[in-house]
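**Q** Okay, so here is protein_11.pdb, and as you'll see once you scroll down, it has PDB, C-alpha atoms and all ligand atoms.
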ATOM      1  CA  MET A 461      -0.062  -8.566 -14.234
ATOM      2  CA  SER A 462       0.569  -9.089 -10.506
ATOM      3  CA  LYS A 463      -1.786 -11.383  -8.645
ATOM      4  CA  ILE A 464      -2.508 -10.131  -5.135
ATOM      5  CA  LEU A 465      -4.345 -12.264  -2.624
ATOM      6  CA  ALA A 466      -6.002 -10.141   0.075
ATOM      7  CA  ILE A 467      -6.849 -12.096   3.233
ATOM      8  CA  SER A 468      -9.019 -10.634   5.971
ATOM      9  CA  GLY A 469      -8.328 -11.475   9.598
ATOM     10  CA  SER A 470     -11.962 -10.809  10.473
ATOM     11  CA  LEU A 471     -14.834 -13.062   9.441
ATOM     12  CA  ARG A 472     -17.761 -10.737  10.107
ATOM     13  CA  ALA A 473     -19.679  -9.317   7.159
ATOM     14  CA  GLU A 474     -19.327  -5.676   8.261
ATOM     15  CA  SER A 475     -15.618  -6.014   9.059
ATOM     16  CA  TYR A 476     -13.558  -2.835   8.810
ATOM     17  CA  ASN A 477     -10.514  -4.934   7.907
ATOM     18  CA  THR A 478     -12.317  -6.500   4.970
ATOM     19  CA  ALA A 479     -13.456  -2.989   4.032
ATOM     20  CA  LEU A 480      -9.813  -1.841   4.141
ATOM     21  CA  LEU A 481      -8.863  -4.572   1.675
ATOM     22  CA  ARG A 482     -11.726  -3.500  -0.588
ATOM     23  CA  THR A 483     -10.344   0.039  -0.417
ATOM     24  CA  MET A 484      -6.911  -1.311  -1.374
ATOM     25  CA  LYS A 485      -8.502  -3.012  -4.376
ATOM     26  CA  THR A 486     -10.067   0.255  -5.560
ATOM     27  CA  MET A 487      -6.722   2.069  -5.170
ATOM     28  CA  ALA A 488      -4.578  -0.660  -6.743
ATOM     29  CA  PRO A 489      -2.678  -0.045  -9.986
ATOM     30  CA  SER A 490      -4.252  -1.439 -13.161
ATOM     31  CA  HIS A 491      -1.667  -4.246 -13.368
ATOM     32  CA  TRP A 492      -2.810  -5.669 -10.008
ATOM     33  CA  GLU A 493      -5.448  -8.374  -9.996
ATOM     34  CA  VAL A 494      -6.733  -8.416  -6.406
ATOM     35  CA  ALA A 495      -8.720 -11.388  -5.070
ATOM     36  CA  LEU A 496     -10.286 -11.033  -1.635
ATOM     37  CA  VAL A 497     -10.555 -14.015   0.720
ATOM     38  CA  VAL A 498     -12.369 -14.241   4.050
ATOM     39  CA  PRO A 499     -11.121 -17.632   5.280
ATOM     40  CA  LYS A 500     -14.089 -19.337   6.900
ATOM     41  CA  ALA A 501     -14.789 -23.040   7.445
ATOM     42  CA  PHE A 502     -11.327 -23.974   8.702
ATOM     43  CA  PRO A 503     -11.559 -26.618  11.427
ATOM     44  CA  VAL A 504      -9.477 -25.979  14.534
ATOM     45  CA  TYR A 505      -5.984 -27.335  13.925
ATOM     46  CA  ASP A 506      -5.546 -30.854  15.228
ATOM     47  CA  GLU A 507      -2.700 -33.093  14.094
ATOM     48  CA  ASP A 508      -4.949 -36.163  14.325
ATOM     49  CA  LEU A 509      -7.365 -34.492  11.881
ATOM     50  CA  GLN A 510      -4.452 -33.566   9.613
ATOM     51  CA  LYS A 511      -3.403 -37.226   9.464
ATOM     52  CA  GLN A 512      -6.875 -38.083   8.115
ATOM     53  CA  GLY A 513      -6.253 -35.764   5.134
ATOM     54  CA  TRP A 514      -5.865 -32.048   4.503
ATOM     55  CA  PRO A 515      -9.209 -30.195   4.749
ATOM     56  CA  SER A 516     -10.166 -28.638   1.407
ATOM     57  CA  PRO A 517     -10.223 -25.011   2.720
ATOM     58  CA  VAL A 518      -6.526 -25.499   3.613
ATOM     59  CA  THR A 519      -5.418 -26.911   0.258
ATOM     60  CA  GLU A 520      -7.530 -24.390  -1.691
ATOM     61  CA  LEU A 521      -6.154 -21.360   0.152
ATOM     62  CA  ALA A 522      -2.616 -22.770  -0.103
ATOM     63  CA  GLN A 523      -2.991 -23.034  -3.859
ATOM     64  CA  SER A 524      -4.279 -19.450  -4.109
ATOM     65  CA  ILE A 525      -1.287 -18.244  -2.092
ATOM     66  CA  ARG A 526       1.158 -20.201  -4.270
ATOM     67  CA  GLU A 527      -0.356 -18.638  -7.396
ATOM     68  CA  ALA A 528      -0.197 -15.100  -5.954
ATOM     69  CA  ASP A 529       2.715 -12.721  -6.469
ATOM     70  CA  GLY A 530       1.915 -11.091  -3.151
ATOM     71  CA  VAL A 531      -0.363 -11.594  -0.165
ATOM     72  CA  VAL A 532      -1.853  -8.757   1.867
ATOM     73  CA  ILE A 533      -3.425  -9.471   5.240
ATOM     74  CA  SER A 534      -5.553  -6.932   7.054
ATOM     75  CA  THR A 535      -6.321  -7.915  10.605
ATOM     76  CA  PRO A 536      -7.818  -6.624  13.800
ATOM     77  CA  GLU A 537      -6.116  -7.513  17.055
ATOM     78  CA  TYR A 538      -8.022  -9.600  19.543
ATOM     79  CA  ASN A 539      -6.805  -9.171  23.115
ATOM     80  CA  TYR A 540      -3.615  -7.485  21.871
ATOM     81  CA  SER A 541      -2.790 -10.335  19.491
ATOM     82  CA  ILE A 542      -3.704 -12.222  16.292
ATOM     83  CA  PRO A 543      -7.388 -13.253  16.070
ATOM     84  CA  GLY A 544      -7.645 -16.981  16.770
ATOM     85  CA  GLY A 545      -9.312 -17.717  13.422
ATOM     86  CA  LEU A 546      -6.480 -16.146  11.435
ATOM     87  CA  LYS A 547      -3.810 -17.792  13.561
ATOM     88  CA  ASN A 548      -5.532 -21.130  13.030
ATOM     89  CA  VAL A 549      -5.443 -20.623   9.245
ATOM     90  CA  ILE A 550      -1.721 -19.848   9.395
ATOM     91  CA  ASP A 551      -1.101 -22.870  11.624
ATOM     92  CA  TRP A 552      -2.787 -25.194   9.106
ATOM     93  CA  LEU A 553      -0.934 -23.709   6.127
ATOM     94  CA  SER A 554       2.396 -23.943   7.922
ATOM     95  CA  ARG A 555       2.117 -27.734   8.251
ATOM     96  CA  LEU A 556       1.802 -28.428   4.526
ATOM     97  CA  PRO A 557       4.805 -30.226   2.999
ATOM     98  CA  ASP A 558       5.202 -27.288   0.587
ATOM     99  CA  PRO A 559       4.293 -24.369   2.899
ATOM    100  CA  PRO A 560       2.840 -21.635   0.676
ATOM    101  CA  PHE A 561       4.104 -18.628   2.636
ATOM    102  CA  LYS A 562       7.767 -19.667   2.288
ATOM    103  CA  GLY A 563       9.546 -17.015   0.209
ATOM    104  CA  LYS A 564       6.252 -15.185  -0.438
ATOM    105  CA  GLN A 565       6.012 -11.405  -0.466
ATOM    106  CA  VAL A 566       3.580 -10.392   2.289
ATOM    107  CA  GLY A 567       2.117  -7.067   3.403
ATOM    108  CA  ILE A 568       0.325  -6.543   6.708
ATOM    109  CA  MET A 569      -2.173  -3.858   7.689
ATOM    110  CA  GLY A 570      -4.806  -3.492  10.351
ATOM    111  CA  VAL A 571      -7.839  -1.649  11.618
ATOM    112  CA  SER A 572      -9.129  -1.414  15.164
ATOM    113  CA  ALA A 573     -12.039   0.209  16.905
ATOM    114  CA  GLY A 574      -9.599   1.833  19.335
ATOM    115  CA  ARG A 575      -6.784   4.269  18.626
ATOM    116  CA  LEU A 576      -3.843   1.950  17.888
ATOM    117  CA  GLY A 577      -4.830   0.327  14.588
ATOM    118  CA  ALA A 578      -4.284  -3.272  15.746
ATOM    119  CA  ILE A 579      -0.554  -2.616  15.892
ATOM    120  CA  ARG A 580       0.067  -5.225  18.590
ATOM    121  CA  GLY A 581      -1.738  -7.875  16.522
ATOM    122  CA  GLN A 582       0.161  -6.762  13.416
ATOM    123  CA  LEU A 583       3.480  -7.206  15.235
ATOM    124  CA  HIS A 584       2.577 -10.713  16.390
ATOM    125  CA  LEU A 585       1.642 -11.570  12.819
ATOM    126  CA  ARG A 586       5.051 -10.332  11.616
ATOM    127  CA  GLN A 587       6.648 -12.691  14.115
ATOM    128  CA  CYS A 588       4.795 -15.675  12.581
ATOM    129  CA  PHE A 589       6.004 -14.747   9.106
ATOM    130  CA  GLN A 590       9.568 -14.669  10.373
ATOM    131  CA  PHE A 591       9.238 -18.355  11.212
ATOM    132  CA  LEU A 592       7.488 -19.011   7.883
ATOM    133  CA  GLU A 593      10.399 -17.399   5.955
ATOM    134  CA  SER A 594       8.180 -14.908   4.134
ATOM    135  CA  HIS A 595       9.341 -11.510   2.916
ATOM    136  CA  VAL A 596       7.287  -9.003   4.886
ATOM    137  CA  LEU A 597       7.126  -5.357   3.890
ATOM    138  CA  SER A 598       8.437  -3.396   6.883
ATOM    139  CA  ARG A 599       7.266   0.082   5.961
ATOM    140  CA  PRO A 600       5.139   1.990   5.273
ATOM    141  CA  GLU A 601       2.716   0.675   7.855
ATOM    142  CA  VAL A 602      -1.041   0.974   7.472
ATOM    143  CA  ILE A 603      -2.417   1.459  10.969
ATOM    144  CA  VAL A 604      -6.042   2.545  10.964
ATOM    145  CA  GLY A 605      -7.394   3.401  14.407
ATOM    146  CA  ASN A 606     -10.800   4.740  15.434
ATOM    147  CA  ALA A 607     -12.478   2.693  12.720
ATOM    148  CA  ALA A 608     -15.938   4.168  13.191
ATOM    149  CA  GLN A 609     -14.547   7.603  12.299
ATOM    150  CA  ALA A 610     -12.036   6.447   9.657
ATOM    151  CA  PHE A 611     -14.691   4.731   7.520
ATOM    152  CA  GLU A 612     -17.862   6.153   6.039
ATOM    153  CA  ASN A 613     -20.348   3.707   4.523
ATOM    154  CA  GLY A 614     -17.657   1.036   4.254
ATOM    155  CA  THR A 615     -15.130   3.322   2.539
ATOM    156  CA  LEU A 616     -11.893   4.568   4.063
ATOM    157  CA  ASN A 617     -12.382   8.271   4.520
ATOM    158  CA  ASP A 618      -9.396   9.358   6.592
ATOM    159  CA  SER A 619      -6.839  11.256   4.535
ATOM    160  CA  ALA A 620      -3.748  10.137   6.496
ATOM    161  CA  SER A 621      -4.806   6.484   6.201
ATOM    162  CA  VAL A 622      -5.553   6.855   2.479
ATOM    163  CA  GLU A 623      -2.082   8.344   2.020
ATOM    164  CA  ALA A 624      -0.515   5.473   4.000
ATOM    165  CA  MET A 625      -2.398   3.003   1.800
ATOM    166  CA  ARG A 626      -1.123   4.708  -1.350
ATOM    167  CA  ALA A 627       2.481   4.471  -0.099
ATOM    168  CA  PHE A 628       1.972   0.853   1.030
ATOM    169  CA  ILE A 629       0.696  -0.189  -2.403
ATOM    170  CA  ALA A 630       3.636   1.504  -4.136
ATOM    171  CA  ALA A 631       6.180  -0.121  -1.806
ATOM    172  CA  LEU A 632       4.633  -3.589  -2.106
ATOM    173  CA  ASP A 633       4.464  -3.241  -5.867
ATOM    174  CA  ALA A 634       8.193  -2.359  -5.954
ATOM    175  CA  CYS A 635       9.044  -5.432  -3.825
ATOM    176  CA  ILE A 636       7.025  -7.725  -6.101
ATOM    177  CA  GLU A 637       8.674  -6.208  -9.156
ATOM    178  CA  ALA A 638      12.139  -6.675  -7.602
ATOM    179  CA  ILE A 639      11.430 -10.362  -6.847
ATOM    180  CA  SER A 640      10.051 -11.012 -10.352
ATOM    181  CA  THR A 641      13.168  -9.568 -12.014
ATOM    182  CA  GLN A 642      15.624 -11.410  -9.726
ATOM    183  CA  VAL A 643      17.980 -13.782 -11.509
ATOM    184  CA  PRO A 644      17.525 -17.203  -9.846
TER     185      PRO A 644
HETATM  186  C1  LIG A 701     -12.544 -10.893  20.830
HETATM  187  C2  LIG A 701     -12.214  -9.436  20.567
HETATM  188  C3  LIG A 701     -11.085  -8.900  21.127
HETATM  189  C4  LIG A 701     -10.734  -7.569  20.855
HETATM  190  N1  LIG A 701      -9.552  -7.095  21.332
HETATM  191  C5  LIG A 701      -9.143  -5.860  20.932
HETATM  192  C6  LIG A 701      -7.833  -5.405  21.266
HETATM  193  O1  LIG A 701      -7.042  -6.082  21.890
HETATM  194  N2  LIG A 701      -7.452  -4.182  20.838
HETATM  195  C7  LIG A 701      -8.294  -3.378  20.099
HETATM  196  O2  LIG A 701      -7.888  -2.281  19.712
HETATM  197  N3  LIG A 701      -9.537  -3.791  19.768
HETATM  198  C8  LIG A 701      -9.978  -5.011  20.160
HETATM  199  N4  LIG A 701     -11.217  -5.459  19.803
HETATM  200  C9  LIG A 701     -12.126  -4.555  19.069
HETATM  201  C10 LIG A 701     -11.830  -4.584  17.563
HETATM  202  O3  LIG A 701     -10.863  -3.592  17.278
HETATM  203  C11 LIG A 701     -13.123  -4.257  16.788
HETATM  204  O4  LIG A 701     -14.112  -5.213  17.094
HETATM  205  C12 LIG A 701     -12.861  -4.227  15.288
HETATM  206  O5  LIG A 701     -13.960  -3.653  14.643
HETATM  207  C13 LIG A 701     -12.602  -5.622  14.753
HETATM  208  O6  LIG A 701     -12.250  -5.562  13.387
HETATM  209  P1  LIG A 701     -13.304  -5.872  12.220
HETATM  210  O7  LIG A 701     -14.204  -4.655  12.121
HETATM  211  O8  LIG A 701     -12.469  -6.039  11.013
HETATM  212  O9  LIG A 701     -14.088  -7.082  12.590
HETATM  213  C14 LIG A 701     -11.583  -6.774  20.060
HETATM  214  C15 LIG A 701     -12.746  -7.334  19.529
HETATM  215  C16 LIG A 701     -13.057  -8.647  19.752
HETATM  216  C17 LIG A 701     -14.299  -9.252  19.120
END
Output the structure of this file as structure tokens.
**A**
Amino acid sequence: MSKILAISGSLRAESYNTALLRTMKTMAPSHWEVALVVPKAFPVYDEDLQKQGWPSPVTELAQSIREADGVVISTPEYNYSIPGGLKNVIDWLSRLPDPPFKGKQVGIMGVSAGRLGAIRGQLHLRQCFQFLESHVLSRPEVIVGNAAQAFENGTLNDSASVEAMRAFIAALDACIEAISTQVP
């Protein structure tokens, strides 16, 4: 079994990005166990607060990431970049003494209301993972634009995007398999 942690970059209940992760779960191979997380209740990062003790949402998500074989993040872009809530989560996790994204296999995808599928936000997110020393899948990319047309009743209904998702899952699965069979 491969444990996949799917993290949404959008907190709203009707989020297209969360819906995209649900679609990934329905398309995943039978040996994937996909858990979906919408990371709410993270205080804004403040080093003074950190010194008082790690907030439980931080330590709990860190543990889930450590236990996962791969992490998939689907995010919108806000003002051409990473939504503040998601960036805040990453900032907290990055300060832990045993940062959970280090060496972790990560996949990034995104949905936007406009045409470009949050690609600018996705690129900024890739840049963060470079600093965090994660292994990020480069291609295939899942870039879902025009969300209102691409989804129907919360399900991805755009054939090109479904095909991209299929290829993404296969590529991520191969990366996870390659890491698990590596001789230390
Ligand atoms: C604060 C904010 C900033 C946004 N900035 C962008 C943007 O830069 N580019 C874009 O394509 N869409 C932008 N949007 C629109 C989002 O693509 C749209 O709200 C999308 O549905 C958000 O994803 P979600 O459905 O997963 O919540 C923005 C939305 C918000 C709330």
**Q** Could you spell out the hits of the PyMOL selection byres (((chain A and resi 470-483) around 7) and not hetatm) on the shown file, as a compact mmCIF listing (two decimals) with C-alpha atoms, in the frame of the given file?
**A**
# COMPACT_ATOMS: atom_id res chain seq x y z
CA ALA A 466 -6.00 -10.14 0.08
CA SER A 468 -9.02 -10.63 5.97
CA GLY A 469 -8.33 -11.48 9.60
CA MET A 484 -6.91 -1.31 -1.37
CA LYS A 485 -8.50 -3.01 -4.38
CA THR A 486 -10.07 0.26 -5.56
CA MET A 487 -6.72 2.07 -5.17
CA VAL A 498 -12.37 -14.24 4.05
CA LYS A 500 -14.09 -19.34 6.90
CA SER A 534 -5.55 -6.93 7.05
CA THR A 535 -6.32 -7.92 10.60
CA PRO A 536 -7.82 -6.62 13.80
CA GLY A 570 -4.81 -3.49 10.35
CA VAL A 571 -7.84 -1.65 11.62
CA ALA A 607 -12.48 2.69 12.72
CA GLY A 614 -17.66 1.04 4.25
CA THR A 615 -15.13 3.32 2.54
CA LEU A 616 -11.89 4.57 4.06
**Q** Any chance you could work out the residue set of the PyMOL selection byres (((chain A and resi 589-603) around 7) and not hetatm) here, as number ranges by chain?
**A** A: 561-567, 569-571, 577-579, 585-588, 604-605, 621, 624-625, 627-628, 632
**Q** Taking the file as shown, find all residues satisfying the PyMOL selection byres (((chain A and resi 503) around 12) and not hetatm) and write them as JSON, numbers by chain.
**A** {"A": [499, 500, 501, 502, 504, 505, 506, 507, 508, 509, 510, 514, 515, 516, 517, 518, 544, 545, 546, 547, 548, 549, 551, 552]}
**Q** Quick one, how far is CA of Glu527 (chain A) from CA of Ser541 (chain A)?
**A**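 Computing the Euclidean distance for CA of Glu527 (chain A) and CA of Ser541 (chain A) yields 28.2 Å.
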**Q** Check the smallest atom-to-atom distance from each of A:Thr519, A:Ser524, A:Thr641, A:Gln582 to ligand LIG 701 (chain A) using all atoms listed in the file, then report the winner.
**A**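 For ligand LIG 701 (chain A), the nearest of the candidates is A:Gln582.
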**Q** Find the smallest box with edges along x, y and z containing every listed atom of region 563-580 of chain A, then add 4 Å on each side and report centre and edge lengths in Å to one decimal, as AutoDock Vina command-line options.
**A**
--center_x -1.2 --center_y -6.4 --center_z 9.4 --size_x 29.6 --size_y 29.3 --size_z 27.8
**Q** Could you tell me which of A:Val497, A:Val643, A:Ile525, A:Leu583 comes closest to Pro560 (chain A) if we count all atoms listed in the file?
**A**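 Residue with the minimum atom-to-atom distance to Pro560 (chain A): A:Ile525.
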**Q** Would you mind telling me which residue in A:Gly513, A:Ala488, A:Ile464, A:Ala522 lies nearest to Ala630 (chain A) when using all atoms listed in the file?
**A**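 Looking at the shortest contact to Ala630 (chain A), the residue is A:Ala488.
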**Q** Go through A:Ile639, A:Leu465, A:Ile568, A:Leu556 and flag the residue nearest Lys511 (chain A), using all atoms listed in the file for the distances.
**A**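 Checking each of A:Ile639, A:Leu465, A:Ile568, A:Leu556 against Lys511 (chain A), counting all atoms listed in the file, the winner is A:Leu556.
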**Q** Nearest residue to ligand LIG 701 (chain A) out of A:Ser554, A:Asn539, A:Gln609, A:Gln642, using only C-alpha atoms and all ligand atoms?
**A**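 Among the listed residues, A:Asn539 lies closest to ligand LIG 701 (chain A).
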**Q** Could you please determine the separation between atom C12 of ligand LIG 701 (chain A) and CA of Gly574 (chain A) in Å, to one decimal place?
**A**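 Going from atom C12 of ligand LIG 701 (chain A) over to CA of Gly574 (chain A) covers 8.0 Å.
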**Q** Compare A:Val531, A:Ile636, A:Ala620, A:Ala608 by their minimum atom-to-atom distance to ligand LIG 701 (chain A), counting all atoms listed in the file, and give me the closest one.
**A** A:Ala608
**Q** Quick one: pull the distance between atom C5 of ligand LIG 701 (chain A) and CA of Pro559 (chain A), Å, one decimal.
**A**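 Between atom C5 of ligand LIG 701 (chain A) and CA of Pro559 (chain A) the gap is 29.1 Å.
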